[in-house]
>>> print(open('work08.txt').read())   # compact mmCIF, C-alpha atoms and all ligand atoms
# COMPACT_ATOMS: atom_id res chain seq x y z
CA MET A 1 -8.03 27.41 -1.83
CA THR A 2 -6.51 30.89 -2.05
CA THR A 3 -2.84 31.51 -2.75
CA ASP A 4 -2.45 32.61 0.86
CA ASP A 5 -3.95 29.34 2.10
CA ALA A 6 -1.62 27.34 -0.10
CA ALA A 7 1.38 29.33 1.12
CA ALA A 8 0.30 28.79 4.72
CA GLN A 9 0.02 25.04 4.10
CA LEU A 10 3.47 24.98 2.60
CA ASP A 11 4.82 26.75 5.67
CA VAL A 12 3.29 24.07 7.88
CA LEU A 13 4.80 21.40 5.66
CA GLN A 14 8.16 23.14 5.79
CA ALA A 15 8.06 23.39 9.60
CA GLY A 16 7.31 19.66 9.79
CA LEU A 17 10.13 18.68 7.43
CA ASP A 18 12.69 20.56 9.48
CA HIS A 19 12.10 18.05 12.27
CA ILE A 20 13.03 15.04 10.16
CA ASP A 21 16.66 14.04 10.47
CA GLN A 22 16.94 12.39 7.08
CA GLY A 23 17.17 14.58 4.03
CA VAL A 24 13.71 15.15 2.52
CA THR A 25 12.40 16.76 -0.64
CA VAL A 26 8.73 17.06 -1.60
CA PHE A 27 7.66 17.67 -5.18
CA ASP A 28 4.06 18.44 -6.15
CA ALA A 29 2.04 17.03 -9.04
CA ASP A 30 3.64 19.58 -11.40
CA LEU A 31 7.07 18.33 -10.31
CA ARG A 32 7.82 21.58 -8.49
CA LEU A 33 9.81 21.54 -5.28
CA VAL A 34 7.41 22.52 -2.49
CA GLY A 35 9.27 21.31 0.58
CA TRP A 36 12.73 20.38 1.75
CA ASN A 37 14.75 20.36 4.91
CA ARG A 38 18.19 21.58 5.72
CA GLN A 39 19.48 18.02 6.07
CA VAL A 40 19.04 17.32 2.38
CA PHE A 41 21.30 20.21 1.55
CA ASP A 42 23.89 19.15 4.11
CA LEU A 43 23.72 15.56 3.04
CA LEU A 44 23.98 16.16 -0.68
CA ASP A 45 26.17 19.24 -0.44
CA LEU A 46 23.66 21.31 -2.33
CA PRO A 47 23.90 25.10 -2.29
CA LEU A 48 20.99 26.69 -0.47
CA ASP A 49 20.02 28.74 -3.53
CA LEU A 50 18.63 25.50 -4.92
CA ALA A 51 16.14 25.56 -2.05
CA ARG A 52 13.64 27.63 -3.92
CA ARG A 53 10.06 26.70 -4.04
CA ASP A 54 8.96 26.01 -7.58
CA ILE A 55 12.26 24.73 -8.86
CA HIS A 56 11.44 21.88 -11.26
CA PHE A 57 12.46 18.31 -10.49
CA SER A 58 14.40 17.97 -13.73
CA ALA A 59 16.43 21.12 -12.96
CA PHE A 60 17.17 19.72 -9.51
CA MET A 61 18.36 16.44 -11.00
CA ARG A 62 20.39 18.04 -13.76
CA TYR A 63 22.14 20.22 -11.24
CA ASN A 64 23.20 17.04 -9.45
CA ALA A 65 24.27 15.46 -12.72
CA GLU A 66 26.49 18.38 -13.65
CA ARG A 67 28.35 17.94 -10.39
CA GLY A 68 29.02 14.34 -11.31
CA GLU A 69 26.54 13.04 -8.77
CA TYR A 70 24.87 10.88 -11.36
CA GLY A 71 25.90 9.59 -14.73
CA ALA A 72 24.01 11.51 -17.41
CA GLY A 73 22.10 8.35 -18.34
CA ASP A 74 20.80 7.94 -14.79
CA VAL A 75 19.29 11.40 -14.82
CA ASP A 76 17.59 10.87 -18.15
CA THR A 77 16.14 7.64 -16.85
CA LEU A 78 14.91 9.20 -13.65
CA VAL A 79 13.50 12.33 -15.21
CA ASP A 80 12.14 11.03 -18.47
CA ILE A 81 11.00 7.56 -17.64
CA ARG A 82 10.32 7.29 -13.96
CA VAL A 83 8.70 10.67 -13.44
CA GLU A 84 7.69 11.96 -16.82
CA ARG A 85 4.54 12.93 -15.03
CA ALA A 86 4.30 12.98 -11.28
CA LYS A 87 1.32 10.64 -11.38
CA ASP A 88 3.53 7.98 -12.97
CA PHE A 89 5.96 8.11 -10.10
CA LYS A 90 6.52 4.69 -8.58
CA PRO A 91 7.92 3.88 -5.16
CA HIS A 92 11.59 3.17 -5.54
CA TYR A 93 14.72 2.53 -3.58
CA MET A 94 18.27 2.95 -4.76
CA GLU A 95 21.70 3.39 -3.31
CA ARG A 96 23.90 6.05 -4.77
CA ILE A 97 27.61 6.29 -4.26
CA ARG A 98 28.60 9.93 -4.38
CA PRO A 99 31.90 10.95 -5.97
CA ASN A 100 33.27 11.51 -2.45
CA GLY A 101 32.52 7.87 -1.57
CA GLN A 102 29.50 8.65 0.58
CA VAL A 103 26.71 6.09 0.15
CA ILE A 104 23.22 7.54 0.15
CA ALA A 105 20.02 5.51 0.28
CA VAL A 106 17.34 7.21 -1.78
CA ARG A 107 13.72 6.27 -1.22
CA GLY A 108 10.94 7.75 -3.33
CA THR A 109 7.26 7.55 -2.34
CA PRO A 110 4.33 8.88 -4.38
CA LEU A 111 1.82 11.16 -2.67
CA PRO A 112 -1.92 10.47 -2.94
CA GLY A 113 -2.64 13.82 -4.61
CA GLY A 114 0.20 13.45 -7.12
CA GLY A 115 3.73 14.48 -6.44
CA PHE A 116 6.20 12.57 -4.33
CA VAL A 117 8.47 12.60 -1.34
CA THR A 118 12.09 11.55 -1.55
CA THR A 119 14.19 10.79 1.51
CA TYR A 120 17.96 10.60 1.56
CA THR A 121 19.85 8.72 4.26
CA ASP A 122 23.57 8.46 4.65
CA ILE A 123 24.30 4.73 4.97
CA THR A 124 28.05 4.95 4.37
CA GLU A 125 28.87 3.39 7.74
CA ASP A 126 26.58 0.49 7.08
CA ARG A 127 28.30 -0.08 3.75
CA ASP A 128 31.90 -0.29 4.84
CA PHE A 129 34.25 -2.45 2.83
CA VAL A 130 33.62 -6.06 3.65
CA LEU A 131 36.34 -7.29 1.33
CA GLU A 132 39.57 -5.52 0.42
CA THR A 133 42.59 -6.61 -1.51
CA GLU A 134 45.89 -4.82 -1.51
CA GLY A 135 48.40 -5.34 -4.29
CA LEU A 136 46.88 -8.70 -5.14
CA THR A 137 49.12 -10.35 -7.73
CA LYS A 138 49.26 -13.75 -9.41
CA GLU A 139 52.02 -14.77 -11.68
CA PHE A 140 51.93 -17.90 -13.85
CA LYS A 141 55.49 -18.63 -15.00
CA GLY A 142 56.38 -15.00 -15.56
CA PHE A 143 52.92 -14.04 -16.86
CA LEU A 144 50.99 -11.62 -14.65
CA ALA A 145 47.40 -12.87 -14.75
CA VAL A 146 46.50 -10.54 -11.85
CA ASN A 147 48.66 -7.50 -11.38
CA ASP A 148 48.55 -5.31 -8.27
CA VAL A 149 44.78 -5.33 -7.83
CA ASN A 150 43.25 -3.22 -5.07
CA LEU A 151 39.64 -4.30 -4.96
CA LYS A 152 37.20 -2.86 -2.43
CA VAL A 153 33.77 -4.39 -2.06
CA ARG A 154 31.14 -2.60 -0.01
CA ARG A 155 28.85 -4.44 2.35
CA ARG A 156 25.43 -5.42 1.01
CA MET A 157 26.05 -4.22 -2.52
CA ILE A 158 26.05 -5.99 -5.82
CA HIS A 159 29.52 -5.40 -7.18
CA ALA A 160 30.34 -6.52 -10.71
CA LEU A 161 33.76 -7.49 -11.97
CA ILE A 162 33.86 -7.16 -15.75
CA GLY A 163 36.43 -7.07 -18.51
CA PRO A 164 37.38 -8.74 -21.76
CA ASN A 165 38.34 -12.43 -21.96
CA GLY A 166 41.54 -13.23 -20.17
CA ALA A 167 41.42 -10.05 -18.06
CA GLY A 168 42.01 -12.03 -14.87
CA LYS A 169 38.50 -12.06 -13.36
CA THR A 170 38.30 -15.77 -12.66
CA THR A 171 41.84 -15.74 -11.33
CA VAL A 172 40.81 -13.01 -8.86
CA PHE A 173 37.93 -15.24 -7.73
CA ASN A 174 40.31 -18.18 -7.38
CA LEU A 175 42.60 -16.02 -5.25
CA LEU A 176 39.76 -14.75 -3.07
CA THR A 177 38.51 -18.24 -2.32
CA ARG A 178 42.11 -19.40 -1.80
CA PHE A 179 41.62 -21.93 -4.56
CA ILE A 180 45.03 -20.74 -5.71
CA LYS A 181 47.74 -18.91 -3.76
CA ALA A 182 48.64 -15.31 -4.48
CA THR A 183 52.16 -14.49 -5.59
CA ALA A 184 51.94 -11.22 -3.67
CA GLY A 185 49.41 -9.02 -1.93
CA ARG A 186 46.93 -9.16 0.88
CA ILE A 187 43.25 -10.05 1.21
CA ALA A 188 41.16 -8.78 4.12
CA TYR A 189 37.63 -9.86 4.92
CA LYS A 190 35.76 -7.77 7.50
CA GLY A 191 39.10 -6.32 8.52
CA LYS A 192 40.70 -9.73 9.08
CA ASN A 193 43.71 -10.82 7.09
CA ILE A 194 42.64 -13.97 5.22
CA THR A 195 45.55 -14.08 2.79
CA ASN A 196 46.74 -17.40 4.16
CA ALA A 197 43.46 -18.88 5.39
CA SER A 198 42.39 -22.27 4.06
CA PRO A 199 39.49 -22.51 1.57
CA ASP A 200 37.41 -24.25 4.25
CA ALA A 201 38.12 -21.53 6.80
CA ILE A 202 37.08 -18.93 4.25
CA ALA A 203 33.82 -20.71 3.52
CA ALA A 204 33.16 -20.97 7.25
CA MET A 205 33.67 -17.21 7.53
CA GLY A 206 30.83 -16.71 5.05
CA ILE A 207 32.53 -16.35 1.68
CA VAL A 208 30.92 -18.82 -0.68
CA ARG A 209 31.40 -19.14 -4.37
CA SER A 210 28.64 -20.46 -6.50
CA PHE A 211 29.11 -22.47 -9.68
CA GLN A 212 32.36 -23.87 -8.40
CA ILE A 213 31.38 -25.89 -5.37
CA SER A 214 29.61 -28.24 -7.78
CA SER A 215 27.39 -29.32 -4.99
CA VAL A 216 24.71 -30.41 -7.42
CA PHE A 217 24.42 -34.17 -7.50
CA PRO A 218 22.64 -35.07 -10.74
CA HIS A 219 20.81 -38.16 -9.50
CA LEU A 220 19.58 -36.78 -6.22
CA THR A 221 16.32 -34.88 -6.26
CA VAL A 222 16.28 -31.11 -6.17
CA ARG A 223 15.15 -31.19 -2.54
CA GLU A 224 17.80 -33.75 -1.58
CA ASN A 225 20.48 -31.57 -3.14
CA VAL A 226 19.51 -28.61 -1.00
CA ARG A 227 19.21 -30.88 2.04
CA VAL A 228 22.78 -32.10 1.58
CA ALA A 229 23.97 -28.49 1.45
CA LEU A 230 21.98 -27.71 4.61
CA GLN A 231 23.51 -30.70 6.37
CA ARG A 232 26.90 -29.36 5.42
CA LYS A 233 26.05 -26.00 6.91
CA HIS A 234 24.78 -27.56 10.12
CA GLY A 235 27.95 -29.65 10.26
CA MET A 236 25.99 -32.90 10.03
CA ASP A 237 27.52 -35.97 8.53
CA THR A 238 25.59 -36.75 5.36
CA HIS A 239 26.18 -40.49 5.35
CA PHE A 240 24.69 -41.59 8.62
CA TRP A 241 21.14 -42.38 9.44
CA ARG A 242 19.31 -39.48 11.06
CA PRO A 243 16.06 -39.41 12.99
CA ALA A 244 13.06 -38.70 10.75
CA ARG A 245 12.18 -35.64 12.82
CA GLU A 246 15.53 -34.07 11.97
CA LEU A 247 15.19 -34.87 8.27
CA ASN A 248 11.69 -33.40 8.19
CA GLN A 249 12.99 -30.21 9.68
CA LEU A 250 15.66 -30.10 6.99
CA ASN A 251 13.01 -30.73 4.35
CA ASP A 252 11.06 -27.72 5.58
CA GLU A 253 14.18 -25.61 5.43
CA ALA A 254 15.02 -26.97 1.98
CA ASP A 255 11.53 -26.24 0.67
CA ALA A 256 11.71 -22.68 1.95
CA LEU A 257 14.94 -22.20 0.02
CA LEU A 258 13.45 -23.82 -3.06
CA SER A 259 10.50 -21.41 -2.91
CA GLN A 260 12.94 -18.55 -2.69
CA VAL A 261 14.59 -19.54 -5.97
CA GLY A 262 11.34 -20.54 -7.70
CA LEU A 263 12.02 -24.29 -7.66
CA ARG A 264 9.44 -25.47 -5.15
CA LYS A 265 7.41 -27.28 -7.81
CA PHE A 266 10.53 -29.07 -9.04
CA ALA A 267 11.43 -30.39 -5.56
CA ASP A 268 10.96 -34.05 -6.46
CA PHE A 269 12.66 -33.91 -9.87
CA ALA A 270 16.09 -35.44 -10.20
CA ALA A 271 18.55 -32.56 -10.60
CA VAL A 272 19.64 -33.97 -13.96
CA GLU A 273 16.09 -33.51 -15.29
CA LEU A 274 16.08 -29.76 -14.71
CA PRO A 275 16.40 -27.43 -17.67
CA TYR A 276 19.74 -25.53 -17.73
CA GLY A 277 18.50 -22.23 -16.26
CA ARG A 278 16.77 -24.06 -13.41
CA LYS A 279 19.97 -25.96 -12.68
CA ARG A 280 21.74 -22.66 -12.12
CA ALA A 281 18.89 -21.66 -9.80
CA LEU A 282 19.48 -24.91 -7.90
CA GLU A 283 23.17 -24.05 -7.64
CA ILE A 284 22.17 -20.73 -6.15
CA ALA A 285 19.87 -22.54 -3.69
CA THR A 286 22.68 -24.86 -2.57
CA THR A 287 24.93 -21.82 -2.15
CA LEU A 288 22.24 -20.02 -0.16
CA ALA A 289 21.89 -23.09 2.05
CA LEU A 290 25.34 -22.26 3.40
CA ASP A 291 23.99 -18.82 4.31
CA PRO A 292 26.89 -16.86 2.83
CA GLU A 293 27.55 -13.29 3.79
CA LEU A 294 29.61 -12.69 0.68
CA MET A 295 28.50 -14.56 -2.39
CA LEU A 296 30.81 -14.84 -5.37
CA LEU A 297 29.07 -15.58 -8.64
CA ASP A 298 31.14 -16.39 -11.72
CA GLU A 299 29.05 -15.71 -14.82
CA PRO A 300 25.66 -16.60 -13.35
CA THR A 301 23.81 -16.13 -16.66
CA GLN A 302 26.36 -17.81 -18.89
CA GLY A 303 24.79 -19.89 -21.64
CA MET A 304 21.24 -18.90 -20.76
CA GLY A 305 18.35 -17.93 -22.96
CA HIS A 306 16.57 -14.62 -22.54
CA GLU A 307 13.88 -15.88 -20.18
CA ASP A 308 16.31 -17.64 -17.84
CA VAL A 309 18.56 -14.55 -17.78
CA GLY A 310 15.61 -12.48 -16.56
CA ARG A 311 14.72 -15.03 -13.92
CA ILE A 312 18.27 -15.38 -12.56
CA THR A 313 18.71 -11.60 -12.56
CA GLU A 314 15.63 -11.16 -10.39
CA LEU A 315 16.75 -14.02 -8.18
CA ILE A 316 20.15 -12.40 -7.62
CA ARG A 317 18.49 -9.12 -6.78
CA ARG A 318 16.28 -10.86 -4.23
CA VAL A 319 19.03 -12.82 -2.51
CA ALA A 320 21.22 -9.69 -2.43
CA ALA A 321 18.90 -8.02 0.05
CA ARG A 322 20.84 -9.25 3.06
CA ARG A 323 24.24 -10.04 1.62
CA THR A 324 27.13 -8.81 -0.46
CA ILE A 325 27.49 -10.09 -3.98
CA LEU A 326 30.60 -9.97 -6.11
CA MET A 327 29.91 -11.26 -9.58
CA VAL A 328 31.73 -11.75 -12.82
CA GLU A 329 29.26 -11.23 -15.63
CA HIS A 330 29.66 -10.79 -19.37
CA ASN A 331 26.06 -9.76 -20.03
CA LEU A 332 26.32 -6.00 -19.65
CA GLY A 333 22.54 -5.64 -19.55
CA VAL A 334 22.52 -7.76 -16.40
CA VAL A 335 25.43 -5.76 -15.00
CA ALA A 336 23.68 -2.45 -15.67
CA HIS A 337 20.48 -3.72 -14.14
CA LEU A 338 21.92 -5.22 -10.97
CA SER A 339 25.14 -3.66 -9.85
CA SER A 340 25.73 -0.48 -7.86
CA TRP A 341 29.45 -0.59 -8.49
CA ILE A 342 31.57 -1.97 -11.27
CA THR A 343 35.26 -2.77 -11.46
CA VAL A 344 36.64 -3.19 -14.96
CA MET A 345 39.74 -5.33 -15.42
CA GLN A 346 42.04 -5.53 -18.39
CA ARG A 347 45.24 -7.55 -18.69
CA GLY A 348 45.31 -8.38 -15.01
CA ALA A 349 44.88 -4.82 -13.73
CA ILE A 350 41.98 -2.57 -12.77
CA LEU A 351 41.17 -0.30 -15.69
CA ALA A 352 38.24 1.68 -14.28
CA GLU A 353 35.70 1.68 -11.47
CA GLY A 354 32.38 3.33 -10.79
CA PRO A 355 28.64 3.10 -11.32
CA TYR A 356 27.52 1.67 -14.67
CA ALA A 357 26.64 5.01 -16.22
CA ASP A 358 30.18 6.28 -15.68
CA VAL A 359 32.07 3.13 -16.51
CA SER A 360 30.12 2.53 -19.72
CA ARG A 361 31.13 5.99 -20.98
CA ASN A 362 34.76 5.63 -20.04
CA ARG A 363 36.94 5.85 -23.17
CA ASP A 364 39.47 3.27 -21.94
CA VAL A 365 36.68 0.83 -21.14
CA ILE A 366 35.06 1.27 -24.54
CA ASP A 367 38.44 0.73 -26.22
CA ALA A 368 39.13 -2.37 -24.13
CA TYR A 369 35.81 -3.87 -25.17
CA MET A 370 36.24 -2.92 -28.83
CA GLY A 371 39.14 -5.30 -29.15
CA SER A 372 37.25 -8.19 -27.57
CA ALA A 373 34.53 -10.61 -28.52
CA HIS A 374 31.69 -9.18 -26.48
CA VAL A 375 30.49 -5.61 -26.81
N1 LIG A 401 46.57 -21.97 -14.21
C1 LIG A 401 46.99 -21.08 -15.13
N2 LIG A 401 48.19 -21.19 -15.69
C2 LIG A 401 48.64 -20.31 -16.61
N3 LIG A 401 47.90 -19.25 -17.03
C3 LIG A 401 46.69 -19.10 -16.52
C4 LIG A 401 46.15 -19.98 -15.53
N4 LIG A 401 44.90 -19.56 -15.19
C5 LIG A 401 44.68 -18.47 -15.94
N5 LIG A 401 45.73 -18.17 -16.72
C6 LIG A 401 45.85 -17.03 -17.64
O1 LIG A 401 45.59 -15.84 -16.93
C7 LIG A 401 44.84 -14.94 -17.71
C8 LIG A 401 43.58 -14.54 -16.97
O2 LIG A 401 42.68 -15.64 -16.98
P1 LIG A 401 41.25 -15.60 -16.29
O3 LIG A 401 40.65 -16.96 -16.48
O4 LIG A 401 41.39 -15.10 -14.91
O5 LIG A 401 40.51 -14.54 -17.18
P2 LIG A 401 38.97 -14.09 -17.14
O6 LIG A 401 38.97 -12.61 -16.98
O7 LIG A 401 38.22 -14.89 -16.18
O8 LIG A 401 38.53 -14.42 -18.64
P3 LIG A 401 37.12 -14.97 -19.22
O9 LIG A 401 36.29 -13.77 -19.44
O10 LIG A 401 37.53 -15.56 -20.53
O11 LIG A 401 36.57 -15.97 -18.26
C9 LIG A 401 44.61 -15.61 -19.04
O12 LIG A 401 45.55 -15.15 -19.96
C10 LIG A 401 44.80 -17.07 -18.73
O13 LIG A 401 45.25 -17.77 -19.85
MG MG A 402 36.61 -16.26 -16.34
>>> encode(input="work08.txt", output="structure tokens")
Amino acid sequence: MTTDDAAAQLDVLQAGLDHIDQGVTVFDADLRLVGWNRQVFDLLDLPLDLARRDIHFSAFMRYNAERGEYGAGDVDTLVDIRVERAKDFKPHYMERIRPNGQVIAVRGTPLPGGGFVTTYTDITEDRDFVLETEGLTKEFKGFLAVNDVNLKVRRRMIHALIGPNGAGKTTVFNLLTRFIKATAGRIAYKGKNITNASPDAIAAMGIVRSFQISSVFPHLTVRENVRVALQRKHGMDTHFWRPARELNQLNDEADALLSQVGLRKFADFAAVELPYGRKRALEIATTLALDPELMLLDEPTQGMGHEDVGRITELIRRVAARRTILMVEHNLGVVAHLSSWITVMQRGAILAEGPYADVSRNRDVIDAYMGSAHV
């Protein structure tokens, strides 16, 4: 192929890309930019002088990083690990929150001849705030356990709430689920004021907290436990005799949930016989049975060994596909791996917020963790 032929092909490619309404970039096997469309520059606010053929992928990424579009660590990961060589590029999907609050879905696809295509879609509207607190405050006899917290949780994101012991994380959860009453402030869920709603009403609206409902009955089997949760969701009384047909249908539903959390082969075990990590998976299954839209997880990997931590992490990622997750988690590896957004609390107040790469470099956050047990 002559240089002219190659240039002609690139022109055809370019003409095609201009018709795509998402932002698109195409990099060749040498990681050189060979195609783009105007949308990508509009969407990411990039100056058009970056739209030069032959600009290297790493330069493109670093330019973004310098503008604060990524934490420095993210860029190193993307450039050095994911695409050290174009042929190592793997399909990936991530959601980036830009400094201006815009949420961009980034999808990377390898090309058969090496190189890759990346598309960028603005999904900000789809990720509006599903939960918002305003001035949320809880005072225990003059002590401010939660002090003027404005928490904003975006739809279908994994949002982590972290901070040293006693920061007020669990108290925030207790306030959100109306387990305790706020001293001051407002809580809105999908735009509705739920500050004074009952815990039951909140659960019915789709906010379910795991590891608190204690819906695991030790002497029932794993399947029966999930079935009880399903009966609750369907508003069935659990004590009365039900036609076998109905129970079978519930069993099918229960088994599907058990497969989802990797417990299908434990279905006939008594819950008490499950190893610890599997018990937490069962708790997640009973929570999922209620089909929550917003799932609150308080320290899902607490007390787990390495293998269980990995399993629960993957499970959370899987169940997060169609819902919003707000989790308190002390294991920062899990937080880094799972969450798109992190709120750091200290002494009842929000100390910092942002993606992991930013928050983990924040001086105040580092100092807060220095004085605590877990770093
Ligand atoms: N019912 C209560 N009465 C009095 N003080 C309380 C009550 N509940 C919590 N607190 C206090 O409020 C503060 C915040 O507690 P909280 O349990 O919310 O912290 P946390 O961030 O969840 O900590 P940890 O990481 O240890 O779980 C602590 O100082 C705690 O002692
Ligand atoms: Mg706690």
>>> residues_around(input="work08.txt", residues="range 224-233 of chain A", least_positions_apart="4", cutoff="12 Å", atoms="all atoms listed in the file", output="PyMOL selection string")
chain A and resi 200+203-206+208+213-220+237-240+242+246-259+261+263-264+266-272+279+281-292
>>> residues_near_ligand(input="work08.txt", ligand="ligand LIG 401 (chain A)", cutoff="6 Å", atoms="only C-alpha atoms and all ligand atoms", output="short mmCIF file (atom, residue, chain, number, x, y, z; two decimals) with C-alpha atoms, in the frame of the given file")
data_model
loop_
_atom_site.label_atom_id
_atom_site.label_comp_id
_atom_site.auth_asym_id
_atom_site.auth_seq_id
_atom_site.Cartn_x
_atom_site.Cartn_y
_atom_site.Cartn_z
CA PHE A 140 51.93 -17.90 -13.85
CA ALA A 145 47.40 -12.87 -14.75
CA PRO A 164 37.38 -8.74 -21.76
CA ASN A 165 38.34 -12.43 -21.96
CA GLY A 166 41.54 -13.23 -20.17
CA ALA A 167 41.42 -10.05 -18.06
CA GLY A 168 42.01 -12.03 -14.87
CA LYS A 169 38.50 -12.06 -13.36
CA THR A 170 38.30 -15.77 -12.66
CA THR A 171 41.84 -15.74 -11.33
#
>>> residues_around(input="work08.txt", residues="Glu132 in chain A", least_positions_apart="4", cutoff="9 Å", atoms="only C-alpha atoms", output="PyMOL selection string")
chain A and resi 150-154+186-191
>>> write_last_selection(input="work08.txt", atoms="C-alpha atoms", output="CSV table (one decimal), in the coordinates of the input")
chain,number,residue,atom,x,y,z
A,150,ASN,CA,43.2,-3.2,-5.1
A,151,LEU,CA,39.6,-4.3,-5.0
A,152,LYS,CA,37.2,-2.9,-2.4
A,153,VAL,CA,33.8,-4.4,-2.1
A,154,ARG,CA,31.1,-2.6,0.0
A,186,ARG,CA,46.9,-9.2,0.9
A,187,ILE,CA,43.2,-10.0,1.2
A,188,ALA,CA,41.2,-8.8,4.1
A,189,TYR,CA,37.6,-9.9,4.9
A,190,LYS,CA,35.8,-7.8,7.5
A,191,GLY,CA,39.1,-6.3,8.5
>>> atom_distance(input="work08.txt", atom1="CA of Arg156 in chain A", atom2="CA of Glu134 in chain A")
20.6 Å
>>> atom_distance(input="work08.txt", atom1="CA of Ile207 in chain A", atom2="CA of Arg178 in chain A")
10.6 Å
>>> closest_residue(input="work08.txt", among="A:Asn196, A:Thr118, A:Gln302, A:Ser339", to="ligand MG 402 (chain A)", atoms="all atoms listed in the file")
A:Gln302
>>> residues_near_point(input="work08.txt", point="(31.0, -9.7, 2.4)", cutoff="6 Å", atoms="only C-alpha atoms", output="list in words")
Val130, Leu131, Arg155, Glu293, Leu294 and Thr324 of chain A
>>> closest_residue(input="work08.txt", among="A:Asp364, A:Asp28, A:Asp308, A:Asp128", to="Gly113 in chain A", atoms="only C-alpha atoms")
A:Asp28
>>> residues_around(input="work08.txt", residues="His19 in chain A", least_positions_apart="5", cutoff="10 Å", atoms="only C-alpha atoms", output="ChimeraX atom specification")
/A:14,37-39
>>> write_last_selection(input="work08.txt", atoms="C-alpha atoms", output="compact mmCIF listing (two decimals), keeping the file's coordinate frame")
# COMPACT_ATOMS: atom_id res chain seq x y z
CA GLN A 14 8.16 23.14 5.79
CA ASN A 37 14.75 20.36 4.91
CA ARG A 38 18.19 21.58 5.72
CA GLN A 39 19.48 18.02 6.07
>>> residues_near_point(input="work08.txt", point="(5.4, 11.7, -1.7)", cutoff="10 Å", atoms="all atoms listed in the file", output="list in words")
Val24, Thr25, Val26, Phe27, Asp28, Ala29, Ala86, Phe89, Lys90, Pro91, Arg107, Gly108, Thr109, Pro110, Leu111, Pro112, Gly113, Gly114, Gly115, Phe116, Val117, Thr118 and Thr119 of chain A
>>> atom_distance(input="work08.txt", atom1="CA of Val309 in chain A", atom2="CA of Ile97 in chain A")
26.4 Å
>>> closest_residue(input="work08.txt", among="A:Gln260, A:Phe173, A:Val344, A:Leu17", to="ligand MG 402 (chain A)", atoms="only C-alpha atoms and all ligand atoms")
A:Phe173
>>> axis_aligned_box(input="work08.txt", around="range 308-311 of chain A", padding_each_side="3 Å", output="JSON")
{"center_x": 16.6, "center_y": -15.1, "center_z": -15.9, "size_x": 9.8, "size_y": 11.2, "size_z": 9.9}
>>> closest_residue(input="work08.txt", among="A:Met370, A:Asn174, A:Gly354, A:Gly333", to="ligand MG 402 (chain A)", atoms="all atoms listed in the file")
A:Asn174
>>> closest_residue(input="work08.txt", among="A:Val328, A:Ser58, A:Leu43, A:Asp358", to="ligand MG 402 (chain A)", atoms="only C-alpha atoms and all ligand atoms")
A:Val328
>>> closest_residue(input="work08.txt", among="A:Ile202, A:Leu161, A:Ile312, A:Leu176", to="ligand MG 402 (chain A)", atoms="all atoms listed in the file")
A:Leu161
>>> residues_around(input="work08.txt", residues="Asn147 in chain A", least_positions_apart="4", cutoff="10 Å", atoms="only C-alpha atoms", output="list in words")
Gly135, Leu136, Thr137, Lys138, Glu139, Phe143, Gly168, Val172, Thr183, Ala184, Gly185, Gln346, Arg347, Gly348, Ala349 and Ile350 of chain A
>>> build_atoms(input="work08.txt", residues="range 264-274 of chain A", atoms="N, CA and C atoms", output="short mmCIF file (atom, residue, chain, number, x, y, z; two decimals), in the frame of the given file")
data_model
loop_
_atom_site.label_atom_id
_atom_site.label_comp_id
_atom_site.auth_asym_id
_atom_site.auth_seq_id
_atom_site.Cartn_x
_atom_site.Cartn_y
_atom_site.Cartn_z
N ARG A 264 10.24 -24.65 -6.06
CA ARG A 264 9.44 -25.47 -5.15
C ARG A 264 8.72 -26.58 -5.91
N LYS A 265 8.18 -26.25 -7.08
CA LYS A 265 7.41 -27.28 -7.81
C LYS A 265 8.30 -28.32 -8.48
N PHE A 266 9.60 -28.09 -8.47
CA PHE A 266 10.53 -29.07 -9.04
C PHE A 266 11.20 -29.92 -7.96
N ALA A 267 10.74 -29.77 -6.71
CA ALA A 267 11.43 -30.39 -5.56
C ALA A 267 11.71 -31.89 -5.74
N ASP A 268 10.78 -32.60 -6.37
CA ASP A 268 10.96 -34.05 -6.46
C ASP A 268 11.59 -34.51 -7.78
N PHE A 269 11.94 -33.56 -8.63
CA PHE A 269 12.66 -33.91 -9.87
C PHE A 269 14.09 -34.31 -9.53
N ALA A 270 14.65 -35.21 -10.32
CA ALA A 270 16.09 -35.44 -10.20
C ALA A 270 16.77 -34.20 -10.77
N ALA A 271 17.88 -33.79 -10.15
CA ALA A 271 18.55 -32.56 -10.60
C ALA A 271 18.88 -32.62 -12.09
N VAL A 272 19.24 -33.81 -12.56
CA VAL A 272 19.64 -33.97 -13.96
C VAL A 272 18.48 -33.65 -14.92
N GLU A 273 17.26 -33.77 -14.43
CA GLU A 273 16.09 -33.51 -15.29
C GLU A 273 15.76 -32.03 -15.45
N LEU A 274 16.40 -31.19 -14.65
CA LEU A 274 16.08 -29.76 -14.71
C LEU A 274 16.62 -29.14 -15.99
#
